[in-house]
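Some notes on the structure that comes next.
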Amino acid sequence: MVLLSPTSSARHPFEALTPDVVMDALASVGLYGDGRQLALSSYENRVYQLHLEDGPVVVAKFYRPERWSEAQILEEHAFSAELMAAEIPVVGPLTLNGNTLNHFGGFAFSVSPSRGGRPPELDDPDVLEWIGRFLARIHTVGAARPFVSRPALDLQSFGIESREWLLKNDMVPLDVQSAWAKASQDAIDLIAGYACLTGAKGQKGSEGEPIRRLRLHGDCHPGNILWTPLDSPTSAGPGPHFVDLDDARSGPAVQDLWMLLSGDRQQRTRQLGALVDGYEQFREFDRRETALIEPLRTLRLIHYSAWLARRWDDPAFPINFPWFGSSDYWQGQVQMLEEQMEAMQEEPLVV
C-alpha cells in the first residue's frame, strides 16, 4: 500500500509562490501592494488578500496548475460576468490589461475586489428565503446557455472515477479496503438509478420531462456566501454575496441548495422550505430534485476522499488534514456510506 506521507523530496509548484512572487504578479498587471498580505482559507488554489498603495483591497487567486484548462477558467469568469451583469451579487474577477486571467512566474491568476461579510445565519428563515431568491436568479442565468468546456457533476466523475482511482492507487488501508470497496460500490449502484446523475434520459421513478441540468455555482456551502447585515455601513449592499465559482459545473438546481441544509429531518425540511419559498419568487423549483439530495451528498463524500488523496503532495494538505488516510478515517467513511445508503432509500424531503 502507498503510505500517505508528506516527506516527498519533490517540490510542489505552490512552493515557488513566495510573497515576492505574489507582489510581482500584481505589479505585472499594474497593481502595487503596500506590503500587507494575508493568506485566505483555500486549499485547492492559493488566495491572498492584498492592500494596494492607492487604498483599495483586492483578492488575488493563483490557480492550481493543471486542474482546469485556461478555457475552463475563462468560462467560469464569463459566467461570473453574466451574473454580475444581471445585478446578482457575485464577486467576479477584474479585467486587467484586457484580461480576467493573467499569467506570471508559471502561474495563472486573477484579481477580484475584496468583499467583507460574515457567515449567513441559516437558522433564520428570512435569511434562507433571501438566499433562495438569489439562487433562483443565478439559475435563471445559468439556464440560458450550457457550459462548453466545464464538466458536469455526475456519477462518473464524482463517484466511479474517484472510487477507481483510490483503489487503483492503494489509498485505502488493507484492513478496511474490502469493506470500503463494497460500501462505495453499493452506494454507486444505488446512485446509478438516478438518470439525472448518469446522463441517461428521464429520472428514476418519474414521468414527464427529464430533470434539467444547468450552469451552477457548484459549491454553494455557507463558507462561499458572505452575508452583509441590513444595518452594516458598507457599499456592497445588504444580504448575500456569492464568492468562489471555482467549482462551477453543470448539474441539477438542487446542488446549490442542499449544502445549506443541516440538522434532523424536520430542521432540513424547514430550511429547504424557506429556500424554496424565496427561490420560487423568481423561478419554479422542480420538486423531483429533492430525491437527488442524498445521492449528491453521497457523491460528494466519495469525491472528497479522492480529492484529499490526490492533493497529498501539496504541503498544505498533510498539515491541515493530519487525520486523513488512517484506518480510523476509512472505517468512518464506511459507516457514513452505509448511513447514506439508508438515507437514499428513505422518502425525500417534501416542500
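Labeling convention for the C-alpha cells: chains A, B, ... as they appear, residues from 1 per chain, ligands from 1 in order of appearance.
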Query raised in the report: What lies within 8 Å of A:Thr198 using only C-alpha atoms, ignoring chain neighbours under 5 positions off, as a list of chain:residue names?
Result: A:Asp154, A:Leu155, A:Gln156, A:Ala192
Query raised in the report: Can you list every residue in stretch 36-77 of chain A that DSSP puts in alpha helix (DSSP H), as a ChimeraX atom specification?
Result: /A:70-77
Put those residues in a file: C-alpha atoms, as a PDB file, in the first residue's frame.
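File written: result.pdb
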ATOM      1  CA  GLU A  70      -7.438  28.026 -19.499  1.00  0.00           C
ATOM      2  CA  ALA A  71     -10.684  27.643 -21.467  1.00  0.00           C
ATOM      3  CA  GLN A  72     -12.433  26.229 -18.387  1.00  0.00           C
ATOM      4  CA  ILE A  73     -11.207  29.063 -16.157  1.00  0.00           C
ATOM      5  CA  LEU A  74     -12.271  31.681 -18.702  1.00  0.00           C
ATOM      6  CA  GLU A  75     -15.683  30.030 -18.938  1.00  0.00           C
ATOM      7  CA  GLU A  76     -16.052  30.424 -15.165  1.00  0.00           C
ATOM      8  CA  HIS A  77     -15.072  34.096 -15.492  1.00  0.00           C
TER       9      HIS A  77
END
Query raised in the report: Looking at A:Leu308, A:Leu299, A:Ala108, A:Leu122, which one is nearest to A:Gln340, with distances taken over only C-alpha atoms?
Result: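 Among the listed residues, the smallest separation from A:Gln340 belongs to A:Leu299.
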Report task. Using backbone DSSP assignments, extract all strand (DSSP E or B) residues from stretch 41-269 of chain A; output them as a ChimeraX atom specification. Result -> /A:46-52,57-62,90,96,99,102-104,107-113,118,152,214-215,225-228,239-242,250-251
Requested in this report: Tell me which protein, DNA and RNA residues are within 8 Å of stretch 327-338 of chain A, counting only C-alpha atoms, leaving out same-chain ones fewer than 4 positions away, and put them as a ChimeraX atom specification.
Outcome: /A:172-173,175-176,179-180,183-184,187,298,301,323,342
Report task. Using atom CA of A:Asn102 and atom CA of A:Tyr48 as the two end points, give the distance in Å to one decimal. Result ->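 Computing the Euclidean distance for atom CA of A:Asn102 and atom CA of A:Tyr48 yields 15.5 Å.
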Requested in this report: Would you list the contacts of A:Thr100 as a ChimeraX atom specification, taking every protein, DNA or RNA residue within 10 Å and counting only C-alpha atoms, but skipping same-chain residues closer than 2 positions in sequence?
Outcome: /A:73-74,77-78,92-98,102,109-112
**Report entry** Residue nearest A:Ile225 among A:Pro315, A:Pro210, A:Pro89, A:Gly142 (counting only C-alpha atoms)
**Finding:**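 Answer, going by the shortest atom-to-atom distance: A:Pro89.
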